[in-house]
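Peer 1: One structure follows; several queries about it will come next.
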Amino acid sequence: MSIVDSFQIFSDNFSNRLQRYSAKDITEDCLRYDLFAALLESGYSADSCVLELSHPHPSFEGREIDLVTYSNDLRPESVVEMKYFKEIPSKKQDTTQYMAKLVVDLIKLKFTSELGGNSYFVMATDHVMKRYISNKSNSFSKLFEEPLNTVFSISPSDKSSRNSHFNKNIAKDINLELFPLSSAIKIERIFEVQLVNDNAIYVFQVHG
């Protein structure tokens, strides 16, 4: 049993939610509920899943990890961060800030090696971040362009040299002595599915 086996059920859960409720009533917490429900359906016990676990690295003191699953012998098996990006009513969402939050979560996952297990970043989004990431001028199009199950690297510096707003949003959450902006993160897109109303789910594995 692996968390990877739960991603399709999770996507189905979230798709059902999108069809039942208005997007304005769906929050990032719904992602956690839908993944937790998928894990239970896949055979995980409720007590093998911990939501909002304290981050193990001292530089992230006071910060939490969205979800950690444990094996039967109590070893961490999967470490998961999740983000839900959507259009806001004013249609003036700060997509550069959204991108910084995405990168911050990848960095947080990179520093969970003390826990062990595999690290995953789960992103649900409507057209807002699909369009932003796909735009080559925004520097992160490889997140979607690289073939599925291919390891590649991204770096905050892919964007930062040209955008001080992006820099500031990274620096707000990350100790730049621990992780300079020029550092790289190795990731792999392992799952993706297009959903209703131009929504999609993407899952990336973060490699140490």
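Each chain in the structure tokens gets a letter, A, B and so on, in the order shown; residues start at 1 in every chain, and ligands are counted from 1 in the order they appear.
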Would you list the contacts of A:Glu28 as a PyMOL selection string, taking every protein, DNA or RNA residue within 9 Å and counting only C-alpha atoms, but skipping same-chain residues closer than 6 positions in sequence?

Peer 2: chain A and resi 82-85+124

Peer 1: If you count only C-alpha atoms, which residues fall within 9 Å of A:Asn13, apart from same-chain ones fewer than 2 positions away, as a list in words?

Peer 2: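 Near A:Asn13, the qualifying residues are Gln8, Ile9, Phe10, Ser11, Ser15, Asn16, Arg17, Leu18, Asp34, Leu35, Ala37 and Ala38 of chain A.
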
Peer 1: Quick one: distance from atom CA of A:Ile190 to atom CA of A:Ser2 in Å, one decimal?

Peer 2: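 Atom CA of A:Ile190 sits 13.3 Å away from atom CA of A:Ser2.
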
Peer 1: Quick one: residues within 10 Å of A:Ile133, only C-alpha atoms counted, chain neighbours fewer than 3 positions away excluded, as a compact mmCIF listing (two decimals) with all heavy atoms, in the first residue's frame?

Peer 2:
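What follows is the written file around-v8.txt:
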# COMPACT_ATOMS: atom_id res chain seq x y z
N THR A 95 -0.66 36.21 -8.63
CA THR A 95 -0.13 34.92 -9.07
C THR A 95 1.36 34.78 -8.79
O THR A 95 1.85 33.66 -8.61
CB THR A 95 -0.41 34.71 -10.57
OG1 THR A 95 -0.03 35.88 -11.31
CG2 THR A 95 -1.89 34.43 -10.82
N MET A 99 2.92 31.68 -6.78
CA MET A 99 4.08 30.89 -7.22
C MET A 99 5.12 30.80 -6.11
O MET A 99 5.71 29.74 -5.89
CB MET A 99 4.68 31.51 -8.48
CG MET A 99 5.74 30.65 -9.16
SD MET A 99 5.02 29.17 -9.90
CE MET A 99 6.15 27.91 -9.29
N HIS A 127 -7.98 27.61 -13.72
CA HIS A 127 -7.17 28.13 -14.81
C HIS A 127 -6.10 29.11 -14.36
O HIS A 127 -5.12 29.35 -15.06
CB HIS A 127 -8.06 28.83 -15.84
CG HIS A 127 -8.73 30.05 -15.29
ND1 HIS A 127 -9.89 30.00 -14.55
CD2 HIS A 127 -8.39 31.36 -15.36
CE1 HIS A 127 -10.24 31.22 -14.20
NE2 HIS A 127 -9.34 32.07 -14.68
N VAL A 128 -6.24 29.67 -13.15
CA VAL A 128 -5.35 30.74 -12.70
C VAL A 128 -3.88 30.33 -12.74
O VAL A 128 -3.06 30.96 -13.40
CB VAL A 128 -5.75 31.20 -11.27
CG1 VAL A 128 -4.67 32.09 -10.68
CG2 VAL A 128 -7.06 31.97 -11.32
N MET A 129 -3.53 29.26 -12.02
CA MET A 129 -2.13 28.85 -11.99
C MET A 129 -1.76 27.97 -13.18
O MET A 129 -0.59 27.89 -13.55
CB MET A 129 -1.80 28.16 -10.67
CG MET A 129 -1.68 29.13 -9.50
SD MET A 129 -0.52 30.49 -9.77
CE MET A 129 1.06 29.66 -9.51
N LYS A 130 -2.73 27.32 -13.78
CA LYS A 130 -2.43 26.58 -15.01
C LYS A 130 -1.90 27.55 -16.06
O LYS A 130 -0.90 27.29 -16.73
CB LYS A 130 -3.68 25.87 -15.53
CG LYS A 130 -4.10 24.67 -14.70
CD LYS A 130 -5.49 24.16 -15.07
CE LYS A 130 -5.56 23.57 -16.44
NZ LYS A 130 -6.90 23.00 -16.71
N LYS A 136 5.75 30.68 -20.46
CA LYS A 136 7.20 30.54 -20.36
C LYS A 136 7.86 31.78 -19.76
O LYS A 136 8.91 31.68 -19.11
CB LYS A 136 7.79 30.27 -21.75
CG LYS A 136 7.47 28.88 -22.30
CD LYS A 136 8.13 28.68 -23.67
CE LYS A 136 7.72 27.38 -24.30
NZ LYS A 136 8.20 26.22 -23.52
N SER A 137 7.27 32.94 -19.96
CA SER A 137 7.88 34.16 -19.43
C SER A 137 7.86 34.22 -17.92
O SER A 137 8.56 35.02 -17.31
CB SER A 137 7.17 35.40 -20.01
OG SER A 137 5.85 35.49 -19.52
N ASN A 138 7.07 33.36 -17.28
CA ASN A 138 7.02 33.31 -15.82
C ASN A 138 8.02 32.33 -15.22
O ASN A 138 8.06 32.14 -14.00
CB ASN A 138 5.60 32.97 -15.35
CG ASN A 138 4.63 34.11 -15.61
OD1 ASN A 138 5.00 35.28 -15.50
ND2 ASN A 138 3.40 33.79 -15.96
N SER A 139 8.79 31.66 -16.06
CA SER A 139 10.00 30.92 -15.66
C SER A 139 9.80 29.51 -15.10
O SER A 139 10.78 28.82 -14.84
CB SER A 139 10.81 31.72 -14.62
OG SER A 139 11.02 33.04 -15.06
N PHE A 140 8.57 29.07 -14.90
CA PHE A 140 8.38 27.76 -14.29
C PHE A 140 7.56 26.81 -15.15
O PHE A 140 6.97 25.86 -14.64
CB PHE A 140 7.73 27.91 -12.91
CG PHE A 140 8.62 28.55 -11.88
CD1 PHE A 140 8.44 29.88 -11.53
CD2 PHE A 140 9.65 27.84 -11.30
CE1 PHE A 140 9.27 30.48 -10.60
CE2 PHE A 140 10.49 28.42 -10.36
CZ PHE A 140 10.30 29.75 -10.00
N SER A 141 7.54 27.03 -16.45
CA SER A 141 6.72 26.21 -17.34
C SER A 141 7.17 24.75 -17.36
O SER A 141 6.39 23.86 -17.69
CB SER A 141 6.73 26.77 -18.76
OG SER A 141 8.04 26.84 -19.27
N LYS A 142 8.42 24.49 -16.96
CA LYS A 142 8.89 23.10 -16.95
C LYS A 142 8.11 22.22 -15.97
O LYS A 142 8.10 21.00 -16.09
CB LYS A 142 10.39 23.02 -16.66
CG LYS A 142 10.80 23.46 -15.26
CD LYS A 142 12.26 23.16 -14.96
CE LYS A 142 13.18 24.07 -15.76
NZ LYS A 142 14.60 23.90 -15.32
N LEU A 143 7.43 22.85 -15.00
CA LEU A 143 6.59 22.08 -14.08
C LEU A 143 5.55 21.27 -14.84
O LEU A 143 5.15 20.19 -14.40
CB LEU A 143 5.90 23.01 -13.09
CG LEU A 143 6.77 23.62 -11.99
CD1 LEU A 143 6.01 24.72 -11.27
CD2 LEU A 143 7.23 22.56 -11.01
N PHE A 144 5.09 21.81 -15.97
CA PHE A 144 4.10 21.12 -16.79
C PHE A 144 4.70 20.52 -18.05
O PHE A 144 4.15 19.56 -18.60
CB PHE A 144 2.98 22.08 -17.20
CG PHE A 144 2.10 22.55 -16.08
CD1 PHE A 144 1.27 23.65 -16.26
CD2 PHE A 144 2.09 21.92 -14.84
CE1 PHE A 144 0.45 24.10 -15.24
CE2 PHE A 144 1.27 22.36 -13.81
CZ PHE A 144 0.44 23.46 -14.02
N GLU A 145 5.82 21.06 -18.50
CA GLU A 145 6.38 20.63 -19.78
C GLU A 145 7.18 19.33 -19.69
O GLU A 145 7.20 18.54 -20.64
CB GLU A 145 7.28 21.72 -20.36
CG GLU A 145 6.53 22.95 -20.83
CD GLU A 145 7.45 24.05 -21.28
OE1 GLU A 145 8.66 23.99 -20.99
OE2 GLU A 145 6.96 25.00 -21.92

Peer 1: Env of A:Lys101: 8 Å cut, atoms = only C-alpha atoms, seq-sep filter 3 positions within chain, self excluded. Answer as a PDB file with C-alpha atoms, in the first residue's frame.

Peer 2:
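Produced file result.pdb, reproduced below:
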ATOM      1  CA  GLN A  97       2.759  35.382  -4.657  1.00  0.00           C
ATOM      2  CA  TYR A  98       0.947  32.118  -5.430  1.00  0.00           C
ATOM      3  CA  VAL A 104       8.135  27.609  -0.367  1.00  0.00           C
ATOM      4  CA  ASP A 105       6.208  24.356   0.086  1.00  0.00           C
ATOM      5  CA  ASN A 169       7.641  36.416  -0.648  1.00  0.00           C
ATOM      6  CA  ILE A 170      10.238  33.634  -0.567  1.00  0.00           C
TER       7      ILE A 170
END

Peer 1: Using DSSP secondary structure from the backbone, list all strand (DSSP E or B) positions within chain A, as a VMD selection string.

Peer 2: chain A and resid 49 to 54 64 to 70 76 to 85 118 to 125 151 to 154 185 to 194 200 to 207

Peer 1: Would you compute the distance between atom CA of A:Phe191 and atom CA of A:Val203? Give it in Å to one decimal.

Peer 2: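 Computing the Euclidean distance for atom CA of A:Phe191 and atom CA of A:Val203 yields 5.0 Å.
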